[in-house]
$ cat work.txt   # compact mmCIF, C-alpha atoms and all ligand atoms
# COMPACT_ATOMS: atom_id res chain seq x y z
CA MET A 472 77.47 103.20 153.23
CA VAL A 473 74.53 101.37 151.64
CA SER A 474 72.16 104.18 152.45
CA THR A 475 73.95 106.56 150.05
CA PHE A 476 74.14 104.03 147.25
CA PRO A 477 70.58 102.98 146.40
CA THR A 478 70.50 100.20 143.85
CA ALA A 479 66.82 100.12 142.98
CA HIS A 480 67.24 102.19 139.79
CA SER A 481 67.72 100.49 136.50
CA ASP A 482 69.22 103.49 134.71
CA ARG A 483 72.77 103.93 133.57
CA LEU A 484 73.78 105.90 136.67
CA SER A 485 72.86 102.92 138.81
CA GLN A 486 74.84 100.59 136.57
CA ILE A 487 77.95 102.76 136.89
CA ARG A 488 77.42 102.95 140.62
CA TRP A 489 77.03 99.19 140.90
CA ASP A 490 80.19 98.55 138.85
CA ILE A 491 82.14 101.00 140.99
CA ARG A 492 80.85 99.52 144.24
CA THR A 493 82.45 96.22 143.28
CA LEU A 494 85.79 98.08 143.43
CA HIS A 495 85.30 99.01 147.09
CA PRO A 496 87.41 96.19 148.65
CA GLN A 497 90.27 96.96 146.26
CA LEU A 498 90.08 100.71 146.93
CA VAL A 499 90.35 100.04 150.67
CA GLU A 500 93.20 97.56 150.16
CA TRP A 501 95.21 100.01 148.00
CA ARG A 502 94.57 102.90 150.34
CA ARG A 503 95.65 100.90 153.38
CA HIS A 504 98.77 99.65 151.62
CA LEU A 505 99.73 103.23 150.69
CA HIS A 506 98.90 104.35 154.21
CA GLN A 507 101.42 101.88 155.66
CA PHE A 508 104.25 103.10 153.42
CA PRO A 509 103.93 106.91 153.28
CA GLU A 510 106.66 108.94 151.57
CA LEU A 511 107.53 112.63 151.64
CA GLY A 512 107.49 114.97 148.64
CA PHE A 513 109.67 113.91 145.67
CA GLN A 514 110.58 110.70 147.53
CA GLU A 515 107.43 108.79 146.49
CA ARG A 516 109.39 105.94 144.89
CA MET A 517 107.54 102.97 146.47
CA THR A 518 104.26 104.78 145.88
CA ALA A 519 105.08 105.42 142.21
CA GLU A 520 106.17 101.81 141.73
CA PHE A 521 102.94 100.58 143.34
CA ILE A 522 100.91 102.74 140.94
CA ALA A 523 102.99 101.75 137.90
CA GLN A 524 102.71 98.07 138.73
CA LYS A 525 98.89 98.36 138.72
CA LEU A 526 98.92 100.33 135.47
CA ARG A 527 101.13 97.68 133.83
CA GLU A 528 98.85 94.93 135.09
CA TRP A 529 95.83 96.73 133.60
CA GLU A 530 97.69 97.51 130.35
CA ILE A 531 97.27 101.26 130.74
CA ASP A 532 99.77 103.50 128.90
CA HIS A 533 101.77 105.58 131.32
CA GLN A 534 104.91 107.56 131.74
CA MET A 535 106.91 107.53 134.96
CA GLY A 536 109.56 109.87 136.33
CA ILE A 537 107.79 113.12 135.43
CA ALA A 538 109.10 115.74 137.88
CA LYS A 539 111.08 112.97 139.61
CA THR A 540 108.33 110.67 140.91
CA GLY A 541 105.19 111.80 139.03
CA ILE A 542 103.23 109.53 136.70
CA VAL A 543 100.81 110.34 133.88
CA ALA A 544 98.49 107.54 132.73
CA THR A 545 96.63 107.94 129.44
CA ILE A 546 93.39 106.08 128.73
CA ALA A 547 91.84 106.44 125.29
CA GLY A 548 88.11 105.90 124.88
CA LYS A 549 86.13 104.48 121.96
CA LYS A 550 86.71 107.35 119.48
CA ALA A 551 88.95 110.40 119.32
CA GLY A 552 87.53 113.37 121.21
CA ARG A 553 88.04 115.75 124.09
CA VAL A 554 90.85 115.34 126.60
CA LEU A 555 90.15 115.56 130.34
CA ALA A 556 92.84 115.41 133.01
CA ILE A 557 92.24 114.05 136.52
CA ARG A 558 94.75 114.98 139.20
CA ALA A 559 95.69 113.09 142.38
CA ASP A 560 98.53 113.90 144.76
CA MET A 561 100.45 111.09 146.47
CA ASP A 562 102.81 112.54 149.10
CA ALA A 563 102.63 112.27 152.89
CA LEU A 564 103.62 114.51 155.80
CA PRO A 565 106.39 114.52 158.44
CA VAL A 566 103.89 113.57 161.17
CA GLN A 567 104.14 110.65 163.61
CA GLU A 568 100.92 108.67 163.37
CA GLU A 569 98.94 108.14 166.59
CA ASN A 570 96.11 106.06 165.12
CA GLU A 571 95.86 102.55 166.52
CA VAL A 572 94.86 100.74 163.35
CA ASP A 573 96.39 97.61 161.85
CA TYR A 574 97.36 99.57 158.73
CA ARG A 575 99.17 102.34 160.62
CA SER A 576 102.26 103.91 159.09
CA ARG A 577 105.36 101.72 159.14
CA HIS A 578 107.57 104.67 158.25
CA GLU A 579 108.75 106.35 161.44
CA GLY A 580 107.73 110.02 161.59
CA ILE A 581 105.91 110.00 158.24
CA MET A 582 102.15 109.73 157.82
CA HIS A 583 99.42 110.12 155.23
CA ALA A 584 97.80 112.74 157.47
CA CYS A 585 96.12 114.66 154.63
CA GLY A 586 94.36 111.81 152.81
CA HIS A 587 96.56 111.69 149.71
CA ASP A 588 96.62 107.88 150.10
CA GLY A 589 92.87 108.05 149.47
CA HIS A 590 93.35 110.38 146.49
CA THR A 591 95.79 107.91 144.92
CA ALA A 592 93.44 104.97 145.55
CA ILE A 593 90.53 106.88 144.00
CA ALA A 594 92.63 107.76 140.93
CA LEU A 595 93.71 104.11 140.60
CA GLY A 596 90.08 102.97 140.85
CA THR A 597 89.15 105.52 138.19
CA ALA A 598 91.96 104.27 135.92
CA LEU A 599 90.89 100.65 136.36
CA TYR A 600 87.23 101.42 135.71
CA LEU A 601 87.94 103.52 132.61
CA SER A 602 90.33 100.93 131.17
CA ARG A 603 87.56 98.33 131.51
CA HIS A 604 84.88 100.61 130.02
CA ARG A 605 86.64 102.26 127.07
CA GLU A 606 83.51 101.75 124.96
CA ASP A 607 81.55 104.07 127.28
CA PHE A 608 83.44 107.29 126.55
CA ASN A 609 85.03 109.16 123.66
CA GLY A 610 88.24 111.12 123.83
CA THR A 611 91.08 110.61 126.26
CA VAL A 612 91.54 110.77 130.00
CA LYS A 613 94.92 111.64 131.47
CA ILE A 614 95.37 110.66 135.10
CA ILE A 615 98.07 112.70 136.79
CA PHE A 616 99.70 111.25 139.91
CA GLN A 617 101.51 114.24 141.37
CA PRO A 618 104.34 114.31 143.92
CA ALA A 619 105.09 116.79 146.68
CA GLU A 620 101.82 118.70 147.10
CA GLU A 621 102.51 119.40 150.77
CA SER A 622 105.90 120.85 149.94
CA PRO A 623 107.76 122.05 147.99
CA GLY A 624 105.16 121.60 145.20
CA GLY A 625 105.04 119.01 142.42
CA ALA A 626 102.34 120.50 140.19
CA LYS A 627 104.48 123.24 138.67
CA PRO A 628 107.41 120.99 137.69
CA MET A 629 104.97 118.42 136.28
CA ILE A 630 103.36 121.09 134.10
CA GLU A 631 106.82 122.27 133.00
CA ALA A 632 107.69 118.66 132.14
CA GLY A 633 104.64 118.52 129.84
CA ALA A 634 102.15 116.58 131.97
CA LEU A 635 99.22 118.43 130.38
CA LYS A 636 100.56 118.03 126.81
CA ASN A 637 100.42 115.37 124.11
CA PRO A 638 97.53 114.90 124.08
CA ASP A 639 96.74 118.38 125.34
CA ALA A 640 94.31 118.43 128.26
CA GLU A 641 91.34 120.75 127.65
CA ALA A 642 90.18 120.72 131.26
CA ILE A 643 91.06 119.22 134.62
CA VAL A 644 89.23 117.96 137.69
CA GLY A 645 90.54 116.93 141.09
CA LEU A 646 89.29 116.31 144.59
CA HIS A 647 90.43 116.54 148.17
CA LEU A 648 89.00 114.30 150.86
CA TRP A 649 87.72 116.84 153.37
CA ASN A 650 87.16 116.23 157.08
CA SER A 651 85.64 119.68 157.53
CA LEU A 652 82.61 118.19 155.74
CA PRO A 653 80.72 115.03 156.75
CA TRP A 654 80.72 111.97 154.50
CA GLY A 655 77.86 112.07 152.03
CA THR A 656 78.51 115.71 151.15
CA ILE A 657 80.53 117.31 148.37
CA GLY A 658 81.85 120.88 148.48
CA VAL A 659 81.66 122.56 145.09
CA ARG A 660 82.35 126.24 144.53
CA SER A 661 82.93 128.39 141.48
CA GLY A 662 85.79 130.92 141.64
CA ALA A 663 88.22 130.96 144.57
CA LEU A 664 88.10 127.73 146.58
CA MET A 665 91.44 127.93 148.38
CA ALA A 666 93.78 130.80 149.15
CA ALA A 667 97.20 131.82 147.94
CA SER A 668 99.97 130.88 150.35
CA GLU A 669 102.97 133.19 150.73
CA LEU A 670 105.69 133.67 153.32
CA PHE A 671 107.64 136.62 154.61
CA SER A 672 110.62 136.95 156.87
CA CYS A 673 112.17 140.07 158.30
CA THR A 674 115.27 140.69 160.38
CA ILE A 675 115.28 143.97 162.27
CA LEU A 676 118.80 145.29 162.63
CA GLY A 677 119.10 147.47 165.75
CA LYS A 678 121.93 148.05 168.19
CA GLY A 679 122.40 145.96 171.31
CA GLY A 680 123.60 147.08 174.70
CA HIS A 681 123.04 147.11 178.44
CA GLY A 682 119.47 146.70 179.58
CA ALA A 683 119.85 149.68 181.92
CA ILE A 684 121.41 152.05 179.39
CA PRO A 685 118.76 152.15 176.60
CA GLN A 686 119.76 155.57 175.29
CA GLU A 687 122.83 153.98 173.69
CA THR A 688 120.91 151.21 171.92
CA ILE A 689 118.32 150.61 169.19
CA ASP A 690 115.97 148.06 170.74
CA ALA A 691 115.04 145.44 168.12
CA ILE A 692 112.39 143.90 170.41
CA ALA A 693 110.53 147.19 170.93
CA ILE A 694 110.61 147.80 167.17
CA GLY A 695 109.52 144.24 166.36
CA ALA A 696 106.59 144.50 168.78
CA GLN A 697 105.38 147.64 167.01
CA ILE A 698 105.73 145.99 163.61
CA VAL A 699 103.63 143.00 164.73
CA THR A 700 100.90 145.36 165.92
CA VAL A 701 100.89 147.61 162.85
CA LEU A 702 100.89 144.63 160.45
CA GLN A 703 97.45 143.76 161.84
CA THR A 704 96.08 147.00 160.38
CA ILE A 705 96.68 145.74 156.82
CA VAL A 706 93.71 143.38 156.89
CA ALA A 707 91.72 145.57 159.31
CA ARG A 708 92.24 148.90 157.52
CA ASN A 709 93.80 148.45 154.05
CA VAL A 710 91.89 145.49 152.61
CA SER A 711 88.21 145.88 151.76
CA PRO A 712 85.97 144.29 154.41
CA LEU A 713 84.32 142.44 151.53
CA GLU A 714 87.59 140.65 150.74
CA SER A 715 89.34 137.91 152.72
CA ALA A 716 93.00 138.07 153.65
CA VAL A 717 95.26 136.87 156.46
CA VAL A 718 98.56 138.32 157.66
CA THR A 719 99.92 136.12 160.44
CA VAL A 720 103.19 136.61 162.28
CA GLY A 721 104.15 133.08 163.23
CA GLU A 722 107.61 133.56 164.67
CA PHE A 723 109.33 136.27 166.72
CA HIS A 724 112.85 135.47 167.88
CA ALA A 725 114.98 138.01 169.72
CA GLY A 726 117.18 138.46 172.71
CA THR A 727 119.52 136.30 174.77
CA ALA A 728 119.57 137.84 178.28
CA LYS A 729 117.05 139.53 180.57
CA ASN A 730 119.34 142.49 181.22
CA ALA A 731 120.50 143.09 177.65
CA ILE A 732 118.81 144.96 174.79
CA ALA A 733 118.57 142.81 171.67
CA ASP A 734 120.37 144.03 168.55
CA THR A 735 118.29 141.94 166.16
CA ALA A 736 114.81 140.44 165.99
CA ARG A 737 113.56 137.99 163.42
CA LEU A 738 109.90 137.78 162.41
CA THR A 739 108.36 135.33 159.97
CA GLY A 740 104.79 134.98 158.85
CA THR A 741 102.30 133.73 156.32
CA VAL A 742 99.99 135.66 154.01
CA ARG A 743 96.76 134.30 152.51
CA TYR A 744 94.24 135.80 150.10
CA PHE A 745 91.80 134.76 147.37
CA ASN A 746 91.73 137.82 145.11
CA THR A 747 94.82 138.09 142.89
CA ASP A 748 94.37 141.89 142.89
CA LEU A 749 95.96 141.70 146.35
CA ALA A 750 99.02 139.78 145.11
CA ASP A 751 101.27 142.82 144.78
CA PHE A 752 99.56 145.02 147.35
CA LEU A 753 100.07 142.79 150.40
CA PRO A 754 103.87 142.33 150.20
CA GLN A 755 104.24 146.01 149.31
CA ARG A 756 102.21 147.10 152.33
CA ILE A 757 104.06 144.69 154.67
CA GLU A 758 107.42 146.06 153.61
CA GLU A 759 106.19 149.69 153.83
CA ILE A 760 105.20 149.11 157.46
CA ILE A 761 108.46 147.36 158.35
CA ALA A 762 110.47 150.11 156.63
CA GLY A 763 108.44 152.91 158.22
CA VAL A 764 108.64 151.56 161.78
CA CYS A 765 112.34 150.74 161.41
CA GLN A 766 113.12 154.19 159.99
CA SER A 767 111.29 155.97 162.80
CA HIS A 768 113.55 154.13 165.28
CA ARG A 769 116.79 154.44 163.24
CA ALA A 770 116.95 150.72 162.63
CA THR A 771 117.46 148.93 159.32
CA TYR A 772 116.04 145.61 158.15
CA ASP A 773 116.30 142.67 155.76
CA PHE A 774 113.05 141.59 154.14
CA ASN A 775 112.25 138.47 152.12
CA TYR A 776 108.97 137.51 150.51
CA THR A 777 108.28 134.09 148.97
CA ARG A 778 105.27 133.12 146.93
CA LEU A 779 104.36 129.45 147.49
CA TYR A 780 101.04 128.59 145.82
CA PRO A 781 98.60 130.91 144.00
CA PRO A 782 94.88 130.85 144.90
CA THR A 783 92.93 127.81 143.68
CA ILE A 784 90.38 129.28 141.26
CA ASN A 785 87.65 127.11 139.74
CA ASP A 786 86.28 127.75 136.25
CA ALA A 787 82.55 128.56 136.22
CA GLN A 788 81.61 126.14 133.43
CA MET A 789 83.65 123.23 134.78
CA THR A 790 82.20 123.92 138.24
CA ASP A 791 78.68 123.71 136.77
CA LEU A 792 79.60 120.34 135.29
CA VAL A 793 81.02 119.02 138.59
CA ARG A 794 78.06 120.40 140.54
CA SER A 795 75.55 118.65 138.27
CA VAL A 796 77.52 115.42 138.62
CA ALA A 797 77.54 115.85 142.43
CA PHE A 798 73.73 116.31 142.43
CA ALA A 799 73.39 113.08 140.45
CA VAL A 800 75.87 111.10 142.54
CA LEU A 801 74.45 112.20 145.91
CA GLU A 802 70.86 112.18 144.64
CA THR A 803 70.13 115.19 146.81
CA PRO A 804 70.95 118.86 146.29
CA ALA A 805 71.28 119.20 150.09
CA GLY A 806 74.51 117.23 150.03
CA VAL A 807 76.21 119.69 147.70
CA VAL A 808 77.81 122.38 149.85
CA PRO A 809 78.54 125.70 148.15
CA GLU A 810 80.12 127.49 151.13
CA CYS A 811 83.32 125.52 151.37
CA GLN A 812 86.07 128.09 150.94
CA THR A 813 89.18 127.68 153.04
CA MET A 814 92.30 129.79 153.58
CA ALA A 815 94.39 126.61 153.22
CA SER A 816 96.19 126.33 149.89
CA GLU A 817 96.93 123.75 147.22
CA ASP A 818 99.22 123.49 144.23
CA MET A 819 96.30 122.19 142.17
CA SER A 820 96.09 125.96 141.60
CA TYR A 821 98.91 125.73 139.02
CA PHE A 822 96.96 123.21 136.92
CA LEU A 823 93.91 125.49 137.11
CA GLN A 824 96.02 128.38 135.79
CA GLU A 825 96.83 126.28 132.69
CA VAL A 826 93.42 124.83 131.80
CA PRO A 827 89.87 125.46 133.04
CA GLY A 828 88.93 123.06 135.76
CA CYS A 829 87.29 122.37 139.06
CA TYR A 830 88.75 121.20 142.34
CA PHE A 831 86.18 119.97 144.83
CA PHE A 832 85.98 118.65 148.39
CA LEU A 833 84.70 115.16 149.08
CA GLY A 834 83.27 115.17 152.62
CA SER A 835 85.02 112.39 154.55
CA ALA A 836 84.43 112.92 158.28
CA ASN A 837 82.37 110.45 160.28
CA PRO A 838 82.31 111.53 163.94
CA ALA A 839 80.22 108.48 164.92
CA LYS A 840 83.21 106.32 163.99
CA GLY A 841 85.74 108.71 165.53
CA LEU A 842 86.88 109.82 162.08
CA ALA A 843 86.75 113.59 162.43
CA TYR A 844 90.26 114.76 163.28
CA PRO A 845 91.43 117.61 161.08
CA HIS A 846 93.90 117.19 158.24
CA HIS A 847 97.59 117.06 159.30
CA HIS A 848 96.62 115.82 162.80
CA PRO A 849 98.45 112.67 164.04
CA ARG A 850 95.04 111.01 164.42
CA PHE A 851 93.67 112.10 161.04
CA ASN A 852 91.69 109.37 159.33
CA PHE A 853 88.66 109.36 157.05
CA ASP A 854 85.61 107.25 156.27
CA GLU A 855 86.76 104.86 153.54
CA SER A 856 83.20 104.40 152.27
CA VAL A 857 83.65 107.69 150.38
CA LEU A 858 86.39 106.21 148.16
CA CYS A 859 83.70 104.77 145.86
CA LEU A 860 82.00 108.15 145.80
CA GLY A 861 85.24 109.76 144.59
CA VAL A 862 85.61 107.24 141.78
CA GLU A 863 81.98 107.73 140.78
CA MET A 864 82.43 111.52 140.70
CA PHE A 865 85.40 111.19 138.34
CA ILE A 866 83.76 108.60 136.07
CA ARG A 867 80.60 110.71 135.75
CA CYS A 868 82.73 113.82 135.04
CA VAL A 869 84.53 111.92 132.26
CA GLU A 870 81.28 110.75 130.68
CA LYS A 871 79.74 114.20 130.91
CA PHE A 872 82.79 116.08 129.63
CA CYS A 873 83.95 113.69 126.93
CA ASN A 874 80.62 112.46 125.52
ZN ZN B 901 97.74 118.74 153.48
ZN ZN B 902 96.25 117.62 150.97
$ encode --input "work.txt" --output "structure tokens"
Amino acid sequence: MVSTFPTAHSDRLSQIRWDIRTLHPQLVEWRRHLHQFPELGFQERMTAEFIAQKLREWEIDHQMGIAKTGIVATIAGKKAGRVLAIRADMDALPVQEENEVDYRSRHEGIMHACGHDGHTAIALGTALYLSRHREDFNGTVKIIFQPAEESPGGAKPMIEAGALKNPDAEAIVGLHLWNSLPWGTIGVRSGALMAASELFSCTILGKGGHGAIPQETIDAIAIGAQIVTVLQTIVARNVSPLESAVVTVGEFHAGTAKNAIADTARLTGTVRYFNTDLADFLPQRIEEIIAGVCQSHRATYDFNYTRLYPPTINDAQMTDLVRSVAFAVLETPAGVVPECQTMASEDMSYFLQEVPGCYFFLGSANPAKGLAYPHHHPRFNFDESVLCLGVEMFIRCVEKFCN
């Protein structure tokens, strides 16, 4: 850790860094506490109480119970000025932890397998630092502790409950600990960072019958198999090769006996894309193919399409700000990774639809310490030395945006 935090400088950046480094033991303690008591989306009651208790102790204004378990903390600086929001999510996943650490999850079948315990600790560290250094910035910082990122989505209800209002946030920043990148790197990208996430389901309604008398049936399995194949032509032949999109059939359920023809087949799948121009085209094309194949075989169908999260799109100016902060924090341009797009999705996207902002990845893998499992894996864990780096990124963003 020391190697990325040189202390020989006497400038202000070094002072901030030194002050933040003193928070390291607390950041680890908070993160490990949260890790032991993970809670699923909209059930983050112990988590919210833990956060609120710290905010009360530090005399930071805050409002609880926003979108059930969300919290917004408000920290005013020296003088009135611009308003920046910082977002952290705090929910865990229905995963049984397999890590053998003394702070392993004590909640059966629930685990902080995405690093949101780290996000909450970083946001708490940022709140503590800012509340102790109000003279160093103008304006106001709103720290948003959001429930239910993994599902069903807490960002949208928090926005609807006014989390970005009064005072009105002018911009927002947020980070995700990211095990696809090594510690000591930061992924920053203008435009689309993460994809939209959408779901479809389709039930093919054929006509069952004897496996040896097919002429009297409409075989839902044969029709479903064709649909799966033709759906693959959407990305291959209907979407520009210069665009990215995914159409995945994840489930295919049909049939009950080896000598019977199935009357129904149920397919479900996920759709991902970056470019919102594809938002209407993809579901339209999927249904056209299902309808066309079904019609050609005299079957009918039920089709449902659900939009989960929109693409996560970073604002160019806010990305420039975050990138320049990342250069300063890492002290090397090489650590700032521009090619960090992923087809995973995030409901930070809803905040970015409301105000310009930048979501970035804080590299957190450390294979030498065995900390390189992917997010959502039962052995996911990250290098805690990057918690300080996260706080420093946020503090520097505040000073740059607000001053
Ligand atoms: Zn996740
Ligand atoms: Zn996550």
$ residues_near_ligand --input "work.txt" --ligand "ligand ZN 901 (chain B)" --cutoff "8 Å" --atoms "all atoms listed in the file" --output "PyMOL selection string"
chain A and resi 564+584-586+620-621+846-847
$ residues_near_point --input "work.txt" --point "(115.5, 148.9, 170.5)" --cutoff "9 Å" --atoms "all atoms listed in the file" --output "list in words"
Gly677, Lys678, Gly679, Pro685, Thr688, Ile689, Asp690, Ala691, Ile692, Ala693, Ile694, Gly695, Ile732, Ala733, Asp734, Thr735, His768 and Ala770 of chain A
$ residues_near_point --input "work.txt" --point "(103.2, 112.3, 141.7)" --cutoff "6 Å" --atoms "all atoms listed in the file" --output "PDB file with C-alpha atoms, keeping the file's coordinate frame"
ATOM      1  CA  THR A 540     108.330 110.670 140.910  1.00  0.00           C
ATOM      2  CA  GLY A 541     105.190 111.800 139.030  1.00  0.00           C
ATOM      3  CA  ILE A 542     103.230 109.530 136.700  1.00  0.00           C
ATOM      4  CA  ASP A 560      98.530 113.900 144.760  1.00  0.00           C
ATOM      5  CA  MET A 561     100.450 111.090 146.470  1.00  0.00           C
ATOM      6  CA  PHE A 616      99.700 111.250 139.910  1.00  0.00           C
ATOM      7  CA  GLN A 617     101.510 114.240 141.370  1.00  0.00           C
ATOM      8  CA  PRO A 618     104.340 114.310 143.920  1.00  0.00           C
TER       9      PRO A 618
END
$ closest_residue --input "work.txt" --among "A:Thr597, A:Gln766, A:Gln524, A:Ser622" --to "ligand ZN 902 (chain B)" --atoms "all atoms listed in the file"
A:Ser622
$ closest_residue --input "work.txt" --among "A:Ile630, A:Val701, A:Val720, A:Cys873" --to "Ser672 (chain A)" --atoms "all atoms listed in the file"
A:Val720
$ atom_distance --input "work.txt" --atom1 "CA of Gln534 (chain A)" --atom2 "CA of Ile491 (chain A)"
25.4 Å
$ residues_around --input "work.txt" --residues "region 756-761 of chain A" --least-positions-apart "2" --cutoff "8 Å" --atoms "only C-alpha atoms" --output "ChimeraX atom specification"
/A:698,701-702,705,752-754,763-765,772,774
$ residues_around --input "work.txt" --residues "region 631-642 of chain A" --least-positions-apart "5" --cutoff "9 Å" --atoms "all atoms listed in the file" --output "list in words"
Ile537, Ala538, Ile542, Val543, Thr545, Arg553, Val554, Leu555, Ala556, Ile557, Thr611, Val612, Lys613, Ile615, Ala626, Met789, Phe822, Leu823, Glu825, Val826, Pro827, Gly828, Cys829 and Phe872 of chain A
$ closest_residue --input "work.txt" --among "A:Leu646, A:Leu664, A:Val699, A:Val800" --to "Phe832 (chain A)" --atoms "all atoms listed in the file"
A:Leu646
